[in-house]
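Visitor: Before anything else, here's the structure in question.
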Amino acid sequence: MRETLTEIYDRKVEAGEIRPDAAQRAALPLFTPILDWLSRPAPKSGGLRGLLTRAKPAPAPGLYLWGGVGRGKSMLMDLFVAHSGDVPKRRVHFHAFMQEIHVGLHAARQRGEADALAPVADKVASEVRLLAFDEMQITDITDAMVVGRLFERLMEAGVAIVTTSNRVPDDLYKDGLNRALFLPFIAYLKEHMVVYELQAETDYRQHRLAGAQVWFNPVNAEARAAMAQIWDELTGHDPGTPLRLPLKGREVVVPRAHNGVGRGRFWEFCGAALGPADYLAIAEALRVLMIDDIPYLSAGNYNEAKRFVTLVDALYEARVRLIASAAATPERLYTEGAGAFEFERTASRLREMQGADWGA
């Protein structure tokens, strides 16, 4: 008899691998219908009978798990995916998946496909029976205009979808351009997916960092080891994958990301010609950002320093937790040359952002 997710969860609690949480445990049975679906043979196409009756197949089950950051949504989804049996599946960040879809749509249009979405969705459906999306949010109109038909076609092809989000479905693409065209997707989602709010009382991501050191200087072996340890604690030792955020016909890339935590070197974030919109997209997509190897700032790297100030402002306003290794403390990072005086405000913000309750 298959071990239930609740039994697996309890065993991990007993082994000290996870902290017990009543709200998390109560959510686990929601995955059971999806596990049952996946344990059955994959549904076949309707064939001649389907053509004659024109009956739509019953869509695969789905789960939309939402709630505040750090409540354990991604951990529960990872537990489910890890014990979902030997079925073709993908666990992917929602933004990264949608970027792949847009690439496929572009190629289909180049081929002259009458309905570009159909072959793209059908290809995904031929490859997986389970899609697990992390951090679903809709901020881009190009995503908003295709995600409804995409989900419908995938689920009716027998692909089960599980997704986590910080937003209730009704708040997806809130105040977005032409939002009225997006509303049918919200209705479809609420009709065909179980929508559940995870109301855990503890922000575990914040709990891991409460009172912990989050600024390491100078950049040496000890600082690098500390950064690596924090990454492993926040991501469960996941190496992370690039997070590509679409932005007005281009993309901004976080080199490594997993479960709302992003990481990259200073020069990857500030050495390229990025602007406020890019940094706002990063701040909106992440709850924790780790920046490695921040150098001394001066007139010699003035443009990079200006971008760093803009990035810090975006993180500050979004209350994103910043963890960094740097050449010096914030107050000693930029002490002379053009821009040094203005940097005092940034240094003050960086110091404030080190507080134990920052981002809570």
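By convention in this document, the chains of the structure tokens carry letters A, B, ... by their order, each chain's residues are numbered from 1, and ligands are numbered from 1 in the order they are shown.
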Based on the backbone DSSP call, show me all residues of segment 55-290 of chain A assigned alpha helix (DSSP H), as a ChimeraX atom specification.

Guide: /A:73-82,94-110,117-127,141-144,147-156,183-192,204-209,221-235,266-270,276-285

Visitor: In Å to one decimal, how far is atom CA of His258 of chain A from atom CA of Thr139 of chain A?

Guide: 19.1 Å

Visitor: Skip segment 244-255 of chain A itself and residues of its chain fewer than 4 positions away, then list as a PyMOL selection string all residues within 8 Å of it, counting only C-alpha atoms.

Guide: chain A and resi 95-96+99+140+262-264+268-269+278+281-282

Visitor: Only C-alpha atoms, please: the residues just picked out, written as a CSV table (one decimal), in the first residue's frame.

Guide:
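This went into part_17.csv:
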chain,number,residue,atom,x,y,z
A,95,HIS,CA,8.2,32.5,-15.2
A,96,ALA,CA,10.7,30.2,-16.7
A,99,GLN,CA,9.3,32.0,-21.3
A,140,ASP,CA,3.0,40.5,-18.2
A,262,GLY,CA,17.7,34.3,-6.2
A,263,ARG,CA,21.4,34.6,-6.4
A,264,GLY,CA,24.1,36.1,-8.6
A,268,GLU,CA,25.9,40.0,-13.1
A,269,PHE,CA,23.3,42.4,-11.6
A,278,ASP,CA,14.6,45.4,-14.6
A,281,ALA,CA,10.9,42.9,-12.0
A,282,ILE,CA,13.6,41.1,-9.9

Visitor: So, counting only C-alpha atoms, which residue among A:Asp115, A:Glu197, A:Glu100, A:Asp134 is closest to Asn259 of chain A?

Guide: A:Asp134
